[in-house]
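What follows is one structure encoded as structure tokens, with my remarks underneath.
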Amino acid sequence: MIETKMKERTLTPQEVRTILKTDNKEIVELCKKASIRPRKNEKGHTYFSYDEVKNLRKVQTGVKSAVSNPIAVKAPAYANVSESNNAAVRSILTSLQELESKLSTKIAKVIDEKLEGMDDVVVELIRCKTDNETLKQKIVDLNKEVYQLKNELNSYKPVALGFYKKKEVYIWE
């Protein structure tokens, strides 16, 4: 009967602070670690059950012992790593390295195939550029010749009956 009354008994946050000798912030952290959600009564006041406070006290003592002896907490975590996990990690790493090398060779092959014809294109481009320069020079030479021929043509003046007389052209040199 006393046990049922103890289980039914509810504790306020102030009583929980007194029992655990802590502040509200730490109580919230302990509730998160113990997965306890404070309940509210009809009036909206927060309360805890006696069992929940017991669980909070257990979590609190576990946290305090972990803080005072951090090596004891960390050692079992490292001891749980087995050889099979190491082998699995190694096999994953080797498969990733193989995948990386295969991808890099495939990408290099595709790039080489795409750039293979570029050498011929560059040679053809250079040839076209030199041909273009040669043709430009020929145009300049032909323009000079046309100018000279027009000057000579203009030096002939019609006389009569389809005859032409050449005038003296003075060339200033």
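So you can find residues: chains in the structure tokens are A, B, ... in the order shown, residues in each start at 1, and ligands are numbered from 1 in order.
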Set the distance at 12 Å and use only C-alpha atoms: which residues neighbour Ile27 of chain A once local chain neighbours fewer than 2 positions away are removed? I'd like the list as a ChimeraX atom specification. /A:13-25,29-38,48,52-53,55-57,59-60
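As for atom CA of Lys58 of chain A and atom CA of Thr12 of chain A, they are spaced 18.5 Å apart.
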